[in-house]
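Raw contents of coords.csv, CSV, N, CA and C atoms:
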chain,number,residue,atom,x,y,z
T,11,MET,N,90.8,111.0,103.0
T,11,MET,CA,91.8,110.0,103.1
T,11,MET,C,93.1,110.4,102.4
T,12,PRO,N,94.2,110.4,103.1
T,12,PRO,CA,95.4,110.8,102.4
T,12,PRO,C,95.8,109.9,101.2
T,13,GLU,N,96.4,110.4,100.2
T,13,GLU,CA,96.8,109.6,99.1
T,13,GLU,C,98.0,108.7,99.4
T,14,ARG,N,97.9,107.5,99.0
T,14,ARG,CA,98.9,106.5,99.2
T,14,ARG,C,100.2,106.8,98.3
T,15,PRO,N,101.3,107.0,98.9
T,15,PRO,CA,102.5,107.2,98.1
T,15,PRO,C,102.8,106.0,97.2
T,16,VAL,N,103.4,106.2,96.0
T,16,VAL,CA,103.7,105.1,95.1
T,16,VAL,C,104.7,104.1,95.8
T,17,GLY,N,105.6,104.7,96.5
T,17,GLY,CA,106.6,103.8,97.2
T,17,GLY,C,105.9,102.8,98.2
T,18,VAL,N,104.9,103.2,98.8
T,18,VAL,CA,104.1,102.4,99.7
T,18,VAL,C,103.5,101.2,98.9
T,19,ILE,N,103.0,101.6,97.8
T,19,ILE,CA,102.4,100.5,96.9
T,19,ILE,C,103.4,99.5,96.5
T,20,ILE,N,104.6,100.0,96.1
T,20,ILE,CA,105.7,99.0,95.8
T,20,ILE,C,106.1,98.2,96.9
T,21,ILE,N,106.2,98.8,98.1
T,21,ILE,CA,106.6,98.1,99.3
T,21,ILE,C,105.6,97.0,99.7
T,22,CYS,N,104.3,97.4,99.6
T,22,CYS,CA,103.2,96.4,99.9
T,22,CYS,C,103.3,95.3,98.9
T,23,ILE,N,103.5,95.5,97.7
T,23,ILE,CA,103.5,94.4,96.7
T,23,ILE,C,104.7,93.5,97.0
T,24,LEU,N,105.9,94.1,97.3
T,24,LEU,CA,107.1,93.3,97.6
T,24,LEU,C,106.9,92.5,98.9
T,25,GLN,N,106.3,93.2,99.9
T,25,GLN,CA,106.1,92.5,101.2
T,25,GLN,C,105.1,91.4,101.1
T,26,PHE,N,104.1,91.6,100.3
T,26,PHE,CA,103.0,90.6,100.1
T,26,PHE,C,103.6,89.3,99.4
T,27,ILE,N,104.4,89.5,98.4
T,27,ILE,CA,105.1,88.4,97.7
T,27,ILE,C,106.0,87.7,98.7
T,28,GLY,N,106.8,88.5,99.4
T,28,GLY,CA,107.7,87.9,100.4
T,28,GLY,C,107.0,87.1,101.5
T,29,ALA,N,105.8,87.6,101.9
T,29,ALA,CA,105.0,87.0,102.9
T,29,ALA,C,104.5,85.6,102.4
T,30,ILE,N,104.0,85.6,101.2
T,30,ILE,CA,103.5,84.4,100.6
T,30,ILE,C,104.7,83.3,100.5
T,31,LEU,N,105.8,83.8,100.0
T,31,LEU,CA,107.0,82.9,100.0
T,31,LEU,C,107.4,82.4,101.3
T,32,MET,N,107.4,83.2,102.3
T,32,MET,CA,107.7,82.8,103.7
T,32,MET,C,106.7,81.8,104.2
T,33,ILE,N,105.4,82.0,103.9
T,33,ILE,CA,104.4,81.0,104.3
T,33,ILE,C,104.6,79.7,103.7
T,34,LEU,N,104.9,79.7,102.4
T,34,LEU,CA,105.1,78.4,101.6
T,34,LEU,C,106.4,77.7,102.1
T,35,MET,N,107.5,78.5,102.3
T,35,MET,CA,108.7,77.9,102.8
T,35,MET,C,108.6,77.4,104.2
T,36,GLY,N,107.9,78.2,105.0
T,36,GLY,CA,107.7,77.7,106.4
T,36,GLY,C,106.9,76.5,106.5
T,37,ALA,N,105.8,76.4,105.7
T,37,ALA,CA,105.0,75.2,105.7
T,37,ALA,C,105.8,74.0,105.2
T,38,LEU,N,106.6,74.2,104.2
T,38,LEU,CA,107.5,73.1,103.6
T,38,LEU,C,108.5,72.6,104.6
T,39,PHE,N,109.2,73.6,105.3
T,39,PHE,CA,110.2,73.2,106.3
T,39,PHE,C,109.5,72.5,107.5
T,40,GLY,N,108.4,73.0,107.9
T,40,GLY,CA,107.6,72.4,109.0
T,40,GLY,C,107.2,71.0,108.7
T,41,ILE,N,106.7,70.8,107.5
T,41,ILE,CA,106.3,69.4,107.1
T,41,ILE,C,107.4,68.5,106.9
T,42,LEU,N,108.5,68.9,106.3
T,42,LEU,CA,109.7,68.1,106.1
T,42,LEU,C,110.4,67.8,107.4
T,43,GLY,N,110.4,68.8,108.3
T,43,GLY,CA,111.0,68.7,109.6
T,43,GLY,C,110.3,67.7,110.4
T,44,ALA,N,109.0,67.7,110.4
T,44,ALA,CA,108.2,66.8,111.1
T,44,ALA,C,108.3,65.4,110.5
T,45,GLY,N,108.3,65.3,109.2
T,45,GLY,CA,108.4,64.0,108.5
T,45,GLY,C,109.7,63.3,108.7
T,46,TYR,N,110.8,64.0,108.8
T,46,TYR,CA,112.1,63.4,109.0
T,46,TYR,C,112.6,63.5,110.4
T,47,GLY,N,111.7,64.0,111.3
T,47,GLY,CA,112.1,64.0,112.7
T,47,GLY,C,113.1,65.0,113.1
T,48,SER,N,113.3,66.0,112.3
T,48,SER,CA,114.2,67.1,112.5
T,48,SER,C,113.5,68.2,113.3
T,49,GLY,N,113.8,68.3,114.6
T,49,GLY,CA,113.1,69.3,115.4
T,49,GLY,C,113.5,70.7,115.0
T,50,LEU,N,114.8,70.9,114.6
T,50,LEU,CA,115.2,72.3,114.2
T,50,LEU,C,114.6,72.7,113.0
T,51,ALA,N,114.4,71.9,112.0
T,51,ALA,CA,113.7,72.2,110.7
T,51,ALA,C,112.3,72.5,111.0
T,52,PHE,N,111.7,71.7,111.9
T,52,PHE,CA,110.2,71.9,112.2
T,52,PHE,C,110.0,73.3,112.9
T,53,ILE,N,110.9,73.6,113.9
T,53,ILE,CA,110.8,74.8,114.6
T,53,ILE,C,111.0,76.0,113.7
T,54,THR,N,112.1,75.9,112.9
T,54,THR,CA,112.4,76.9,111.9
T,54,THR,C,111.2,77.2,110.9
T,55,GLY,N,110.6,76.1,110.5
T,55,GLY,CA,109.5,76.2,109.6
T,55,GLY,C,108.3,76.9,110.2
T,56,VAL,N,108.0,76.5,111.4
T,56,VAL,CA,106.9,77.1,112.1
T,56,VAL,C,107.1,78.6,112.4
T,57,ALA,N,108.4,79.0,112.7
T,57,ALA,CA,108.7,80.4,113.0
T,57,ALA,C,108.6,81.2,111.7
T,58,VAL,N,109.1,80.6,110.6
T,58,VAL,CA,109.0,81.3,109.3
T,58,VAL,C,107.6,81.5,108.8
T,59,LEU,N,106.8,80.4,109.1
T,59,LEU,CA,105.4,80.5,108.7
T,59,LEU,C,104.6,81.6,109.5
T,60,ALA,N,104.9,81.6,110.8
T,60,ALA,CA,104.3,82.6,111.7
T,60,ALA,C,104.7,84.0,111.3
T,61,ILE,N,105.9,84.2,111.0
T,61,ILE,CA,106.4,85.6,110.5
T,61,ILE,C,105.7,86.0,109.2
T,62,GLY,N,105.6,85.0,108.3
T,62,GLY,CA,104.9,85.2,107.0
T,62,GLY,C,103.5,85.7,107.2
T,63,ILE,N,102.8,85.0,108.2
T,63,ILE,CA,101.4,85.4,108.5
T,63,ILE,C,101.3,86.8,109.0
T,64,VAL,N,102.2,87.1,110.0
T,64,VAL,CA,102.2,88.4,110.6
T,64,VAL,C,102.5,89.5,109.5
T,65,LEU,N,103.4,89.1,108.6
T,65,LEU,CA,103.8,90.1,107.5
T,65,LEU,C,102.6,90.3,106.6
T,66,ILE,N,101.7,89.4,106.4
T,66,ILE,CA,100.5,89.6,105.6
T,66,ILE,C,99.7,90.7,106.2
T,67,PHE,N,99.4,90.5,107.5
T,67,PHE,CA,98.6,91.5,108.2
T,67,PHE,C,99.3,92.9,108.3
T,68,ALA,N,100.6,92.9,108.5
T,68,ALA,CA,101.3,94.2,108.5
T,68,ALA,C,101.2,94.9,107.1
T,69,THR,N,101.3,94.1,106.1
T,69,THR,CA,101.2,94.6,104.7
T,69,THR,C,99.8,95.2,104.4
T,70,LEU,N,98.8,94.5,104.9
T,70,LEU,CA,97.4,95.1,104.7
T,70,LEU,C,97.3,96.4,105.5
T,71,ALA,N,97.9,96.5,106.7
T,71,ALA,CA,97.8,97.7,107.5
T,71,ALA,C,98.6,98.8,106.9
T,72,LEU,N,99.8,98.4,106.3
T,72,LEU,CA,100.6,99.4,105.6
T,72,LEU,C,99.9,100.0,104.4
T,73,TRP,N,99.2,99.1,103.7
T,73,TRP,CA,98.4,99.6,102.6
T,73,TRP,C,97.3,100.6,103.0
T,74,ALA,N,96.7,100.3,104.2
T,74,ALA,CA,95.7,101.2,104.7
T,74,ALA,C,96.3,102.4,105.4
T,75,LEU,N,97.6,102.6,105.4
T,75,LEU,CA,98.4,103.7,106.0
T,75,LEU,C,98.1,103.7,107.5
T,76,LYS,N,98.0,102.6,108.2
T,76,LYS,CA,97.9,102.5,109.6
T,76,LYS,C,99.3,102.5,110.3
T,77,SER,N,99.3,103.3,111.4
T,77,SER,CA,100.6,103.4,112.1
T,77,SER,C,101.1,102.1,112.6
T,78,TRP,N,100.2,101.2,113.1
T,78,TRP,CA,100.8,99.9,113.6
T,78,TRP,C,101.3,99.1,112.4
T,79,GLY,N,100.8,99.2,111.2
T,79,GLY,CA,101.4,98.5,110.1
T,79,GLY,C,102.8,99.0,109.8
T,80,TRP,N,103.0,100.3,110.0
T,80,TRP,CA,104.3,100.9,109.8
T,80,TRP,C,105.3,100.4,110.8
T,81,TRP,N,104.9,100.3,112.1
T,81,TRP,CA,105.7,99.8,113.1
T,81,TRP,C,106.1,98.3,112.9
T,82,VAL,N,105.1,97.5,112.6
T,82,VAL,CA,105.3,96.1,112.4
T,82,VAL,C,106.2,95.8,111.2
T,83,SER,N,106.0,96.6,110.1
T,83,SER,CA,106.8,96.5,108.9
T,83,SER,C,108.3,96.8,109.3
T,84,ILE,N,108.5,97.9,110.0
T,84,ILE,CA,109.8,98.3,110.4
T,84,ILE,C,110.5,97.1,111.2
T,85,ILE,N,109.8,96.6,112.2
T,85,ILE,CA,110.3,95.6,113.1
T,85,ILE,C,110.6,94.3,112.3
T,86,LEU,N,109.7,93.9,111.4
T,86,LEU,CA,109.9,92.7,110.6
T,86,LEU,C,111.1,92.9,109.6
T,87,ASN,N,111.2,94.0,109.1
T,87,ASN,CA,112.3,94.3,108.1
T,87,ASN,C,113.6,94.3,108.9
T,88,ILE,N,113.7,94.8,110.1
T,88,ILE,CA,114.9,94.7,110.9
T,88,ILE,C,115.2,93.2,111.2
T,89,LEU,N,114.2,92.5,111.5
T,89,LEU,CA,114.4,91.0,111.8
T,89,LEU,C,114.9,90.3,110.5
T,90,ILE,N,114.4,90.7,109.4
T,90,ILE,CA,114.9,90.1,108.1
T,90,ILE,C,116.4,90.5,107.9
T,91,ILE,N,116.7,91.7,108.2
T,91,ILE,CA,118.1,92.2,108.0
T,91,ILE,C,119.0,91.4,108.9
T,92,VAL,N,118.6,91.3,110.2
T,92,VAL,CA,119.5,90.6,111.2
T,92,VAL,C,119.7,89.1,110.8
T,93,THR,N,118.6,88.4,110.4
T,93,THR,CA,118.7,87.0,110.1
T,93,THR,C,119.5,86.9,108.7
T,94,GLY,N,119.3,87.8,107.8
T,94,GLY,CA,120.1,87.7,106.6
T,94,GLY,C,121.6,88.0,106.8
T,95,ALA,N,121.9,88.9,107.7
T,95,ALA,CA,123.3,89.2,108.0
T,95,ALA,C,123.9,88.0,108.7
T,96,VAL,N,123.2,87.5,109.7
T,96,VAL,CA,123.7,86.3,110.4
T,96,VAL,C,124.0,85.1,109.5
T,97,GLY,N,123.0,85.0,108.6
T,97,GLY,CA,123.1,83.8,107.6
T,97,GLY,C,124.0,84.1,106.5
T,98,GLY,N,124.6,85.3,106.4
T,98,GLY,CA,125.5,85.6,105.3
T,98,GLY,C,124.9,85.9,104.0
T,99,LEU,N,123.6,86.2,104.0
T,99,LEU,CA,122.8,86.5,102.8
T,99,LEU,C,122.7,88.0,102.6
T,100,TRP,N,123.9,88.6,102.3
T,100,TRP,CA,123.9,90.1,102.3
T,100,TRP,C,123.1,90.7,101.2
T,101,PHE,N,122.9,90.0,100.1
T,101,PHE,CA,122.1,90.5,99.0
T,101,PHE,C,120.6,90.6,99.4
T,102,GLY,N,120.2,89.7,100.3
T,102,GLY,CA,118.8,89.7,100.8
T,102,GLY,C,118.5,90.8,101.7
T,103,VAL,N,119.5,91.6,102.2
T,103,VAL,CA,119.2,92.7,103.1
T,103,VAL,C,119.0,94.0,102.4
T,104,ILE,N,119.3,94.1,101.1
T,104,ILE,CA,119.2,95.3,100.4
T,104,ILE,C,117.8,95.9,100.4
T,105,ILE,N,116.8,95.1,100.0
T,105,ILE,CA,115.4,95.6,99.9
T,105,ILE,C,114.9,96.0,101.3
T,106,PRO,N,115.1,95.2,102.3
T,106,PRO,CA,114.6,95.6,103.7
T,106,PRO,C,115.3,96.9,104.1
T,107,VAL,N,116.6,97.1,103.8
T,107,VAL,CA,117.2,98.4,104.3
T,107,VAL,C,116.6,99.5,103.5
T,108,ILE,N,116.4,99.4,102.2
T,108,ILE,CA,115.7,100.5,101.5
T,108,ILE,C,114.3,100.7,102.0
T,109,THR,N,113.6,99.6,102.3
T,109,THR,CA,112.3,99.8,102.8
T,109,THR,C,112.2,100.6,104.1
T,110,ILE,N,113.1,100.2,105.0
T,110,ILE,CA,113.1,100.9,106.3
T,110,ILE,C,113.4,102.4,106.1
T,111,ILE,N,114.4,102.7,105.3
T,111,ILE,CA,114.8,104.1,105.0
T,111,ILE,C,113.6,104.9,104.5
T,112,TYR,N,113.0,104.3,103.5
T,112,TYR,CA,111.8,104.9,102.8
T,112,TYR,C,110.7,105.1,103.8
T,113,LEU,N,110.4,104.1,104.6
T,113,LEU,CA,109.3,104.2,105.5
T,113,LEU,C,109.5,105.3,106.6
T,114,VAL,N,110.8,105.4,107.0
T,114,VAL,CA,111.1,106.5,108.0
T,114,VAL,C,111.0,107.8,107.4
T,115,VAL,N,111.3,108.0,106.1
T,115,VAL,CA,111.2,109.3,105.4
T,115,VAL,C,109.8,109.7,105.3
T,116,ILE,N,108.9,108.8,105.0
T,116,ILE,CA,107.5,109.1,104.8
T,116,ILE,C,106.6,108.8,106.0
T,117,ARG,N,107.1,108.8,107.1
T,117,ARG,CA,106.4,108.4,108.4
T,117,ARG,C,105.1,109.2,108.6
T,118,GLU,N,105.1,110.5,108.1
T,118,GLU,CA,104.0,111.4,108.4
T,118,GLU,C,102.7,110.9,107.6
T,119,HIS,N,102.8,110.0,106.7
T,119,HIS,CA,101.6,109.5,106.0
T,119,HIS,C,100.8,108.5,106.7
T,120,PHE,N,101.3,108.0,107.8
T,120,PHE,CA,100.7,106.9,108.6
T,120,PHE,C,100.0,107.5,109.8
T,121,ARG,N,98.7,107.1,110.0
T,121,ARG,CA,98.0,107.5,111.2
T,121,ARG,C,97.6,106.4,112.1

Let me see the file written as structure tokens.
Amino acid sequence: MPERPVGVIIICILQFIGAILMILMGALFGILGAGYGSGLAFITGVAVLAIGIVLIFATLALWALKSWGWWVSIILNILIIVTGAVGGLWFGVIIPVITIIYLVVIREHFR
């Protein structure tokens, strides 16, 4: 089994924390949206919750150096960059940009 690069360990930790936060925020938005009758908040909450769940699985696959975990992590980080840029949260796109660059550089570690 190939050795896991230290950068992958760091990315997995950050993605796991981010995924847990997304799940919590998505659940909160979904519950509040449903409770107050706000369809947009409910839909946003469900979408964020779903992305958080997918990110958990992608992080586990990334930890195992699976190629599909690499692809899903790249796609989700691009999605985070786009939504952050559209929302004007430029500070929130720094880590996903660094993550994508690093994952592209070490692509050969994933099978």

Checklist entry - Residues at most 6 Å from range 69-82 of chain T, counting only C-alpha atoms, excluding those fewer than 5 positions away in the same chain, as a PyMOL selection string? => result chain T and resi 22+120-121

Next on the checklist: Can you measure CA of Ile116 in chain T to CA of Ile20 in chain T for me? One decimal in Å is fine.
Outcome noted: 13.6 Å

Checklist entry - By how many Å are atom C of Gly98 in chain T and atom C of Leu34 in chain T apart? => result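 If I compute the distance from atom C of Gly98 in chain T to atom C of Leu34 in chain T, I get 20.3 Å.
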
Item to check | Using all atoms listed in the file: which of T:Tyr112, T:Ile23, T:Ser83, T:Ile91 has the shortest distance to Leu65 in chain T | outcome: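 Checking each candidate against Leu65 in chain T, we get T:Ser83 as the closest.
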
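One finds CA of Met35 in chain T at 14.6 Å from CA of Val64 in chain T.
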